[in-house]
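This report refers to the structure that appears directly beneath it.
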Amino acid sequence: MTAAAALATADPAAHVDAGRLLARLDALARHGARADGGVDRPALGEAEIAARAELVAWGRASGLEPATDALANLFLRLPGHTDTAPVLAGSHIDSQPTGGRFDGTVGVLAALAAVEAIQAAGIVPKRPIEVVAWMNEEACRFAPGMMGSEAFAGLKTADEILPITDAAGITVGEAAAAVLAADDDVPLRPLPGTAHAFVEAHIEQGTVLEQAGVPLGVVTGIQGTRRYRVRVTGEAAHAGTTARADRRDALMAAMRMIAAVEDLTREAADTLFTVGLFEVKPNAPSVIPAEAFFSIDIRQADDAVLDRLGTAIPETLAANAGPCAVEVRQIAHAPSVAFDEGLRRTLYDAAANLAAPAIDVFSAAGHDARSLARVCPTAMVFIPCRGGVSHHPSEHAEAEHIVLAARVLATTLARLADG
C-alpha cells in the first residue's frame, strides 16, 4: 500500500524492532572496541571497514540496495514507486579515539530500524528512502570533519578532499580506495548527490534534555564555527647559554598568541574557544622550541560575531608573534544554520502521535545535517545522553530513548517519502 494509505490505518512506528536495534548497537560497538568500554573507530580505517560490511549485510538482508561514492559515503536504499530524489536519514559511524558507542551510530541504526519498520508496515513509499552513513564526521584522523556530507552537498569537491593527509601521511584518497576495495559488490555513485530531505537522529551531547526530563529534542539549528591550524616558527638553541634577548622561542610566542585569542573571543560571552591540538618541536627539555603547531576552534551562533573574529584572529596572531614567524590556515568555516520549519513540525507531530514529550533544542556541536541543510529541507532529533558526556567511553543513552527516536523517524520518513 502507499505511504498515505498505510499511515491512515497503521503507523510504522509500531513496527520498530527494539531488540534488533539494540543488538545492532552492541554489534557495531565491537568494531574498534576499547578495553574501557569505549570505541576507537577512525574514519576509513580497518574498524570502520568491518562496521561498514556489517551494515551492508544487514541492509541486504532486509532487501535494501547498497551504494557508495568516491568518498565512501554509504547508502542503503529502499526503492519507491518513483525514481525521484530520495529521503535520506542517518548520521556517521566513525568515532573519536576515546569515543563512545552512541555518537553517530545511534542515528545510522535508528534510521535503518525506521526503514525496516516502514517495510514491516507494508508501505511502499512514493519516493525512495535511503539510510546513510557519512564519511569522516569526526575529523580525528582527517581534518576538517564532515567531508562526506559536504561533498554530497556540493560544498566541496572530491578533488579538494582526496589529497588531504592524516598524521601518517596517508591521503583520504588512499584510505577511501582501501574501503571501496573491501566492499562486496557495492556500486559507485557520482558526486554531488541529490536529496528530497534529510533527517538525522543523534545524542544531544549536552544536558538540556536531561535537565528538562524530556526524551526528545527537535533541533532548531546549529551554531557556526571557524577552525584554524597555526604554525609558529622560531629557532632551536641551547636552553642554558642563549640569552633571553637572543631567543626566538616558538613555544613562548604560541602561548602569547593563544592568550591573546582567548581574550579576543571574550567579546561575546557565548563564544566558545578551544585549542585541542598542540605540538612542539624538538620537544627536548634543554632546547628552546623551534616550532609550535596548534589548532584553534571557535564556535558562535551569531554569524556577525563569527565573521569579526575571523578577520581579527590572523591579525591577533601576527601581532603576538614577536621574533617568530607565524603561518595561519583556516581549514573550515561553517555559518550557523536554522533547520526547516516544516520538517521540524513533522517531527513534533510524529512525537505527539506517540505521546512523547519534545522540546526545542539548539545544537552547540556540528553535525552532517549542517551540510545537507544547504541543499534540502533538513532537521534533527536529539535524545538525552547521561550528564551530557560524549566523545568519551562513559557516553551513555537510554535504550528507551533510542527506540523512541527510531519510532519518530519511522513516521517522519514515511510521511516525507509520500510527498
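If you're wondering about the labels, chains in the C-alpha cells are A, B, ... by order shown, residues count from 1 in each chain, ligands from 1 in order shown.
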
Which of region 107-174 of chain A DSSP labels alpha helix (DSSP H), written as a list in words: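 Everything in region 107-174 of chain A that counts as alpha helix (DSSP H) is Gly107, Val108, Leu109, Ala110, Ala111, Leu112, Ala113, Ala114, Val115, Glu116, Ala117, Ile118, Gln119, Ala120, Met147, Gly148, Ser149, Glu150, Ala151, Phe152, Ala158, Asp159, Glu160, Ile161, Val172, Gly173 and Glu174 of chain A.
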
I'd like the neighbourhood of region 113-130 of chain A as an mmCIF file with N, CA and C atoms, in the first residue's frame, where a residue qualifies if any of its atoms comes within 7 Å (using only C-alpha atoms), though same-chain residues fewer than 4 positions away should be ignored.
```
data_model
loop_
_atom_site.group_PDB
_atom_site.id
_atom_site.type_symbol
_atom_site.label_atom_id
_atom_site.label_comp_id
_atom_site.auth_asym_id
_atom_site.auth_seq_id
_atom_site.Cartn_x
_atom_site.Cartn_y
_atom_site.Cartn_z
ATOM 1 N N MET A 1 0.838 -1.196 0.000
ATOM 2 C CA MET A 1 0.000 0.000 0.000
ATOM 3 C C MET A 1 0.874 1.247 0.000
ATOM 4 N N THR A 2 0.283 2.385 -0.392
ATOM 5 C CA THR A 2 1.056 3.631 -0.403
ATOM 6 C C THR A 2 1.291 4.106 1.020
ATOM 7 N N ALA A 3 2.266 5.029 1.161
ATOM 8 C CA ALA A 3 2.563 5.579 2.489
ATOM 9 C C ALA A 3 1.343 6.275 3.068
ATOM 10 N N ALA A 6 -1.187 3.678 4.259
ATOM 11 C CA ALA A 6 -0.703 2.951 5.438
ATOM 12 C C ALA A 6 -0.750 3.824 6.676
ATOM 13 N N PRO A 12 3.859 3.159 11.035
ATOM 14 C CA PRO A 12 5.021 2.256 11.036
ATOM 15 C C PRO A 12 5.820 2.305 12.328
ATOM 16 N N ALA A 13 5.634 3.330 13.146
ATOM 17 C CA ALA A 13 6.356 3.413 14.420
ATOM 18 C C ALA A 13 6.141 2.160 15.263
ATOM 19 N N HIS A 15 6.058 -0.764 14.327
ATOM 20 C CA HIS A 15 6.774 -1.913 13.770
ATOM 21 C C HIS A 15 8.283 -1.844 14.000
ATOM 22 N N VAL A 16 8.772 -0.855 14.726
ATOM 23 C CA VAL A 16 10.202 -0.795 15.029
ATOM 24 C C VAL A 16 10.576 -1.974 15.917
ATOM 25 N N ASP A 17 11.580 -2.708 15.500
ATOM 26 C CA ASP A 17 12.055 -3.874 16.251
ATOM 27 C C ASP A 17 13.111 -3.406 17.249
ATOM 28 N N LEU A 21 17.344 -3.456 17.012
ATOM 29 C CA LEU A 21 18.055 -2.180 17.012
ATOM 30 C C LEU A 21 19.131 -2.145 18.092
ATOM 31 N N SER A 62 17.530 -7.133 4.583
ATOM 32 C CA SER A 62 16.205 -6.517 4.611
ATOM 33 C C SER A 62 15.746 -6.071 3.227
ATOM 34 N N PHE A 75 25.204 4.214 1.411
ATOM 35 C CA PHE A 75 23.757 4.370 1.306
ATOM 36 C C PHE A 75 23.099 2.997 1.239
ATOM 37 N N LEU A 76 21.964 2.859 1.926
ATOM 38 C CA LEU A 76 21.141 1.650 1.856
ATOM 39 C C LEU A 76 19.754 2.095 1.423
ATOM 40 N N ARG A 77 19.337 1.679 0.238
ATOM 41 C CA ARG A 77 18.171 2.265 -0.428
ATOM 42 C C ARG A 77 16.951 1.353 -0.392
ATOM 43 N N LEU A 78 15.832 1.904 0.064
ATOM 44 C CA LEU A 78 14.523 1.278 -0.095
ATOM 45 C C LEU A 78 13.869 1.934 -1.307
ATOM 46 N N PRO A 79 13.713 1.210 -2.413
ATOM 47 C CA PRO A 79 13.144 1.838 -3.615
ATOM 48 C C PRO A 79 11.710 2.314 -3.378
ATOM 49 N N GLY A 80 11.321 3.327 -4.149
ATOM 50 C CA GLY A 80 9.962 3.832 -4.089
ATOM 51 C C GLY A 80 9.224 3.560 -5.386
ATOM 52 N N HIS A 81 7.965 4.035 -5.469
ATOM 53 C CA HIS A 81 7.193 3.906 -6.705
ATOM 54 C C HIS A 81 7.828 4.712 -7.828
ATOM 55 N N THR A 82 8.520 5.803 -7.465
ATOM 56 C CA THR A 82 9.130 6.678 -8.467
ATOM 57 C C THR A 82 10.629 6.761 -8.219
ATOM 58 N N ASP A 83 11.366 6.995 -9.269
ATOM 59 C CA ASP A 83 12.820 7.142 -9.151
ATOM 60 C C ASP A 83 13.165 8.628 -9.014
ATOM 61 N N THR A 84 12.664 9.218 -7.936
ATOM 62 C CA THR A 84 12.861 10.642 -7.680
ATOM 63 C C THR A 84 13.913 10.823 -6.591
ATOM 64 N N ALA A 85 14.209 12.078 -6.266
ATOM 65 C CA ALA A 85 15.205 12.354 -5.221
ATOM 66 C C ALA A 85 14.788 11.679 -3.923
ATOM 67 N N PRO A 86 15.694 10.965 -3.265
ATOM 68 C CA PRO A 86 15.335 10.187 -2.088
ATOM 69 C C PRO A 86 15.227 11.023 -0.823
ATOM 70 N N VAL A 87 14.493 10.501 0.123
ATOM 71 C CA VAL A 87 14.527 10.990 1.501
ATOM 72 C C VAL A 87 15.688 10.278 2.192
ATOM 73 N N LEU A 88 16.572 11.033 2.821
ATOM 74 C CA LEU A 88 17.738 10.464 3.497
ATOM 75 C C LEU A 88 17.580 10.553 5.011
ATOM 76 N N ALA A 89 18.122 9.559 5.697
ATOM 77 C CA ALA A 89 18.187 9.582 7.159
ATOM 78 C C ALA A 89 19.437 8.825 7.591
ATOM 79 N N LEU A 109 21.729 3.569 12.937
ATOM 80 C CA LEU A 109 20.958 2.365 13.251
ATOM 81 C C LEU A 109 19.487 2.677 13.495
ATOM 82 N N ALA A 406 13.860 6.109 16.914
ATOM 83 C CA ALA A 406 13.625 5.299 15.711
ATOM 84 C C ALA A 406 12.152 5.307 15.334
ATOM 85 N N ARG A 407 11.277 5.287 16.305
ATOM 86 C CA ARG A 407 9.836 5.305 16.022
ATOM 87 C C ARG A 407 9.402 6.646 15.434
ATOM 88 N N LEU A 409 11.355 8.579 13.736
ATOM 89 C CA LEU A 409 11.906 8.572 12.380
ATOM 90 C C LEU A 409 11.017 7.769 11.439
ATOM 91 N N ALA A 410 10.511 6.636 11.884
ATOM 92 C CA ALA A 410 9.692 5.790 11.000
ATOM 93 C C ALA A 410 8.484 6.564 10.489
ATOM 94 N N ALA A 414 8.204 8.032 6.485
ATOM 95 C CA ALA A 414 7.074 7.584 5.669
ATOM 96 C C ALA A 414 6.293 8.775 5.131
ATOM 97 N N ALA A 417 8.407 10.619 2.444
ATOM 98 C CA ALA A 417 8.538 9.847 1.197
ATOM 99 C C ALA A 417 7.244 9.814 0.400
ATOM 100 N N ASP A 418 6.140 10.233 1.000
ATOM 101 C CA ASP A 418 4.872 10.284 0.292
ATOM 102 C C ASP A 418 4.654 11.653 -0.361
#
```

Nearby residues (only C-alpha atoms) at most 10 Å from region 206-220 of chain A, same-chain spacing under 5 positions excluded, as number ranges by chain: A: 200-201, 337-341, 343-345, 347-348, 351, 356-365, 379-390, 398, 400-402, 404-405, 408

Could you write out the selected residues, including C-alpha atoms, as a CSV table (one decimal), in the first residue's frame?
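Once everything was written out, this is out.csv:
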```csv
chain,number,residue,atom,x,y,z
A,200,GLU,CA,19.4,13.0,11.5
A,201,ALA,CA,18.9,11.4,14.9
A,337,VAL,CA,22.2,27.1,10.2
A,338,ALA,CA,18.5,27.1,11.0
A,339,PHE,CA,16.6,23.9,10.3
A,340,ASP,CA,13.5,23.6,8.1
A,341,GLU,CA,10.3,24.7,10.0
A,343,LEU,CA,10.2,19.4,8.8
A,344,ARG,CA,10.5,20.3,12.4
A,345,ARG,CA,6.7,20.4,12.7
A,347,LEU,CA,9.0,15.6,13.8
A,348,TYR,CA,6.8,17.2,16.5
A,351,ALA,CA,6.3,12.6,18.6
A,356,ALA,CA,6.2,11.6,23.6
A,357,PRO,CA,7.1,15.0,25.1
A,358,ALA,CA,9.5,17.0,22.9
A,359,ILE,CA,11.1,20.5,23.2
A,360,ASP,CA,13.2,22.8,21.0
A,361,VAL,CA,17.0,22.4,21.4
A,362,PHE,CA,19.8,24.3,19.7
A,363,SER,CA,22.9,22.3,18.8
A,364,ALA,CA,26.3,23.6,20.0
A,365,ALA,CA,28.0,20.7,18.2
A,379,ALA,CA,16.1,18.5,10.6
A,380,MET,CA,17.5,16.7,13.6
A,381,VAL,CA,16.0,14.9,16.6
A,382,PHE,CA,18.1,14.7,19.8
A,383,ILE,CA,17.9,12.1,22.6
A,384,PRO,CA,19.4,12.7,26.0
A,385,CYS,CA,22.9,11.5,26.9
A,386,ARG,CA,23.8,11.0,30.6
A,387,GLY,CA,25.5,14.0,32.1
A,388,GLY,CA,25.9,15.5,28.6
A,389,VAL,CA,29.0,13.4,28.3
A,390,SER,CA,30.2,12.5,24.8
A,398,GLU,CA,18.9,5.0,27.5
A,400,GLU,CA,14.0,3.5,25.5
A,401,HIS,CA,15.1,6.9,24.1
A,402,ILE,CA,17.0,5.3,21.3
A,404,LEU,CA,11.7,6.2,20.6
A,405,ALA,CA,13.9,8.2,18.2
A,408,VAL,CA,9.7,9.0,15.4
```

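Proximity of A:Leu180, A:Leu251, A:Ala72, A:Ala139 to Val230 (chain A), computed with only C-alpha atoms, is greatest for A:Leu251.
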
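For Glu235 (chain A), the non-local neighbours within 9 Å, defined as residues at least 5 positions apart in the same chain or in other chains and counting only C-alpha atoms, are Arg247, Arg248, Asp249, Ala250, Ile288, Pro289, Ala290, Glu291 and Cys324 of chain A.
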
Would you mind exporting N, CA, C and O atoms of the selected residues as a PDB file, in the first residue's frame?
```pdb
ATOM      1  N   ARG A 247      66.657  35.025  21.932  1.00  0.00           N
ATOM      2  CA  ARG A 247      65.842  33.827  21.685  1.00  0.00           C
ATOM      3  C   ARG A 247      64.715  34.088  20.686  1.00  0.00           C
ATOM      4  O   ARG A 247      64.097  35.156  20.689  1.00  0.00           O
ATOM      5  N   ARG A 248      64.455  33.057  19.859  1.00  0.00           N
ATOM      6  CA  ARG A 248      63.260  33.008  19.004  1.00  0.00           C
ATOM      7  C   ARG A 248      62.482  31.758  19.419  1.00  0.00           C
ATOM      8  O   ARG A 248      62.518  30.715  18.766  1.00  0.00           O
ATOM      9  N   ASP A 249      61.807  31.892  20.531  1.00  0.00           N
ATOM     10  CA  ASP A 249      61.154  30.755  21.196  1.00  0.00           C
ATOM     11  C   ASP A 249      59.733  30.589  20.648  1.00  0.00           C
ATOM     12  O   ASP A 249      58.825  31.381  20.945  1.00  0.00           O
ATOM     13  N   ALA A 250      59.552  29.561  19.857  1.00  0.00           N
ATOM     14  CA  ALA A 250      58.249  29.352  19.214  1.00  0.00           C
ATOM     15  C   ALA A 250      57.159  29.031  20.222  1.00  0.00           C
ATOM     16  O   ALA A 250      55.998  29.429  20.050  1.00  0.00           O
ATOM     17  N   ILE A 288      65.535  25.227  23.281  1.00  0.00           N
ATOM     18  CA  ILE A 288      64.494  26.221  23.032  1.00  0.00           C
ATOM     19  C   ILE A 288      63.655  25.754  21.844  1.00  0.00           C
ATOM     20  O   ILE A 288      64.204  25.396  20.798  1.00  0.00           O
ATOM     21  N   PRO A 289      62.324  25.732  21.978  1.00  0.00           N
ATOM     22  CA  PRO A 289      61.484  25.198  20.901  1.00  0.00           C
ATOM     23  C   PRO A 289      61.620  25.976  19.598  1.00  0.00           C
ATOM     24  O   PRO A 289      61.561  27.210  19.568  1.00  0.00           O
ATOM     25  N   ALA A 290      61.812  25.230  18.512  1.00  0.00           N
ATOM     26  CA  ALA A 290      61.945  25.828  17.185  1.00  0.00           C
ATOM     27  C   ALA A 290      60.609  25.952  16.482  1.00  0.00           C
ATOM     28  O   ALA A 290      60.469  26.759  15.553  1.00  0.00           O
ATOM     29  N   GLU A 291      59.636  25.149  16.888  1.00  0.00           N
ATOM     30  CA  GLU A 291      58.347  25.173  16.193  1.00  0.00           C
ATOM     31  C   GLU A 291      57.229  24.798  17.144  1.00  0.00           C
ATOM     32  O   GLU A 291      57.385  23.925  18.009  1.00  0.00           O
ATOM     33  N   CYS A 324      59.289  35.576  16.069  1.00  0.00           N
ATOM     34  CA  CYS A 324      58.995  34.339  15.340  1.00  0.00           C
ATOM     35  C   CYS A 324      58.123  34.609  14.111  1.00  0.00           C
ATOM     36  O   CYS A 324      57.492  35.664  13.999  1.00  0.00           O
TER      37      CYS A 324
END
```

Residues near Gly276 (chain A), cut-off 9 Å, only C-alpha atoms, skip fewer than 5 positions along chain, as a short mmCIF file (atom, residue, chain, number, x, y, z; two decimals) with C-alpha atoms, in the first residue's frame:
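Saved as selection36.cif:
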```cif
data_model
loop_
_atom_site.label_atom_id
_atom_site.label_comp_id
_atom_site.auth_asym_id
_atom_site.auth_seq_id
_atom_site.Cartn_x
_atom_site.Cartn_y
_atom_site.Cartn_z
CA PHE A 294 48.28 24.19 17.28
CA SER A 295 44.60 24.29 16.43
CA ILE A 296 42.01 26.97 17.05
CA ASP A 297 38.31 26.12 17.20
#
```

Length of the CA of Ala355 (chain A) to CA of Leu112 (chain A) vector [Å]: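 Between CA of Ala355 (chain A) and CA of Leu112 (chain A) the gap is 22.6 Å.
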
Mind running region 295-406 of chain A against region 90-104 of chain A at 7 Å and telling me each contacting residue's nearest atom pair with the distance in Å (one decimal), counting only C-alpha atoms, chain and number ascending, as JSON lines?
```
{"residue": "A:Asp368", "atom": "CA", "partner": "A:Ser91", "partner_atom": "CA", "distance": 6.9}
{"residue": "A:Ser390", "atom": "CA", "partner": "A:Gly100", "partner_atom": "CA", "distance": 6.6}
{"residue": "A:His391", "atom": "CA", "partner": "A:Gly99", "partner_atom": "CA", "distance": 4.3}
{"residue": "A:His392", "atom": "CA", "partner": "A:Gly99", "partner_atom": "CA", "distance": 4.6}
{"residue": "A:Pro393", "atom": "CA", "partner": "A:Gly100", "partner_atom": "CA", "distance": 4.5}
{"residue": "A:Ser394", "atom": "CA", "partner": "A:Gly100", "partner_atom": "CA", "distance": 6.6}
{"residue": "A:Glu395", "atom": "CA", "partner": "A:Gly100", "partner_atom": "CA", "distance": 5.1}
{"residue": "A:His396", "atom": "CA", "partner": "A:Phe102", "partner_atom": "CA", "distance": 6.9}
```

Who sits within 10 Å of Leu272 (chain A), only C-alpha atoms, same chain under 3 positions skipped, as a list in words: Thr225, Glu262, Thr265, Arg266, Ala268, Ala269, Asp297, Ile298, Arg299, Gln300, Ala301 and Ala364 of chain A

All strand (DSSP E or B) residues (DSSP, backbone) inside region 249-331 of chain A, as a list in words: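 Of region 249-331 of chain A, only Leu272, Phe273, Thr274, Phe278, Glu279, Val280, Lys281, Val287, Glu291, Ala292, Phe293, Phe294, Ser295, Ile296, Asp297, Ile298, Arg299, Gln300, Ala325, Val326, Glu327, Val328, Arg329, Gln330 and Ile331 of chain A fall in strand (DSSP E or B).
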
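The space between CA of His367 (chain A) and CA of Ile313 (chain A) spans 24.3 Å.
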
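When only C-alpha atoms are used to measure the gap to Gly45 (chain A), the shortest distance among A:Asp11, A:Glu150, A:Glu174, A:Asp246 belongs to A:Glu174.
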
Atomic separation - CA of Ala143 (chain A) relative to CA of Gly322 (chain A), Å: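 These atoms are spaced 28.7 Å apart.
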
Selection near Leu22 (chain A), 8 Å with only C-alpha atoms, sequence-local residues under 4 positions removed, as number ranges by chain: A: 18, 26, 399

Could you take the residues named above and write them with all heavy atoms, as a compact mmCIF listing (two decimals), in the first residue's frame?
```
# COMPACT_ATOMS: atom_id res chain seq x y z
N ALA A 18 12.68 -3.17 18.48
CA ALA A 18 13.58 -2.60 19.50
C ALA A 18 14.74 -3.54 19.81
O ALA A 18 15.89 -3.09 19.93
CB ALA A 18 12.79 -2.29 20.78
N ASP A 26 25.05 -2.94 19.97
CA ASP A 26 26.11 -3.72 20.63
C ASP A 26 27.08 -4.30 19.61
O ASP A 26 28.30 -4.31 19.83
CB ASP A 26 25.48 -4.86 21.44
CG ASP A 26 24.73 -4.38 22.67
OD1 ASP A 26 25.02 -3.26 23.14
OD2 ASP A 26 23.86 -5.12 23.16
N ALA A 399 18.16 3.01 26.41
CA ALA A 399 17.60 2.21 25.32
C ALA A 399 16.22 2.71 24.91
O ALA A 399 15.91 2.79 23.71
CB ALA A 399 17.52 0.75 25.76
```
